[in-house]
Amino acid sequence: MNEKIQALLNQRKELLATAEEALKAGDVATFDAKEKEIQDLDANISELQLKNANLNALKDNQTVADLTAKSTAVNGEPQVIASLEPINTQSDDDLYQNAWAKDMMGLPLSNDEKLVFDNINADFRNAYTHDTSNTAVLIPNTVVSGIFSRAEEAYPFFGDAKKFTVPGKLSIKKHTAINAGDATWYDEDTPTADEQNTFGELVLDGHELSKAVTVSWKLRAMAVKDFIEYITNELAERVGVALGIGALRGTGTNQPQGLETALAAQSGKPQIKTYAGATGIAYADITALIAKVHSSYLNGAAFYASNKTIWEKLANVVDGNGRPVFIPDATSGGVGRMFGYIVKPDAGVSEGNVAFGNANKGYVVNTNEPFSVTTETHAKARTIDYVAYTIVDGGVLDEQAFGLLTPTV
């Protein structure tokens, strides 16, 4: 790009930032002055771009008569150029994130931002319908990623779970048993038996998850980048708690069914091992817990427990020679290892419980409807509510991927 044009584009960016700050502060006179400077600068940039295009064409031995609103032969093809606007190097994701934040803050959008903003939300509202479908605005992927990543840091079981984004109901077949016809040895005259299978089904209908963030008008008048960071933090803090706890302790009624709930609901509770709460966790309790998990799930399995349970119970487990089996290690994605498996602190696990298994293969999370946000202004209180909304569900795909160690009373 021509250095002069780039310098003018940089100047335009600075003027735009000054105009935005003036508007936030209610300084209309400064905003009007900067708006006029930006418009004059745009005209100058457009003229330079036209001349630059002419120059490039002349270098290629092409004749460009008048590029403004006229057709001219370039390599034998008719080309029509009505006007040239400053080059936009932002991706649609970046444009939408900026447009979304400015819309939430009540700031005007550029033409490019408004086009991307309107198109994305039109598609969203056509695909999903609920009570706020006429006013809800889709939260940008970059912000949603920030919300989920922070939830996953605090709740690694949820972070490790297999995730889908299937609209509406998600049904997954579960192969629970081979009743007859499994592979076996035969003599020459015996026909091979027909296989008879038992299948279950994991159905994720989706449950509504909502969180309101109230912001004062004074606080709302922050920089766009700061606003995005603030909203991401506020939503991640509480939405993360709901998602993390739901994946482990959710009841399954108006919320996901958590791992602990699913294993406790099994007939005979075959995946649950108890230990004496008064005496603590023994070496044999840990080996019995690992034995609960089918061998096909061991690669990628991990221990999950609250920080208190890890340091008061797991860290004090010793073998027959009095040597601790817990090895502190903060470099592998958790706080330590036991029997070669990573130990991860997770506040979603009930106090005293230890979950072990392969979350990526055994637990499924589906986002039935993506995150959106609706605003509501309260003029007298000078505040604005940002109400985030999504539909999420989760459940255990295969109980044999997990074991749960729990204390007796």
# chains A, B, ... in the order shown; residues from 1 in each chain; ligands from 1

call {"tool": "residues_around", "arguments": {"residues": "Asp160 of chain A", "least_positions_apart": "6", "cutoff": "12 Å", "atoms": "only C-alpha atoms", "output": "VMD selection string"}}
result
chain A and resid 148 to 149 151 to 154 244 247 300 to 304 333 344 346 357 to 365

call {"tool": "select_by_dssp", "arguments": {"residues": "segment 88-327 of chain A", "states": "strand (DSSP E)", "output": "PyMOL selection string"}}
result
chain A and resi 137-138+162-164+170-180+196-204+207-216+272-276+302-305+326-327

call {"tool": "closest_residue", "arguments": {"among": "A:Val224, A:Leu235, A:Ile286, A:Ala99", "to": "Asp319 of chain A", "atoms": "only C-alpha atoms"}}
result
A:Ile286

call {"tool": "atom_distance", "arguments": {"atom1": "atom CA of Leu48 of chain A", "atom2": "atom CA of Glu20 of chain A"}}
result
25.9 Å
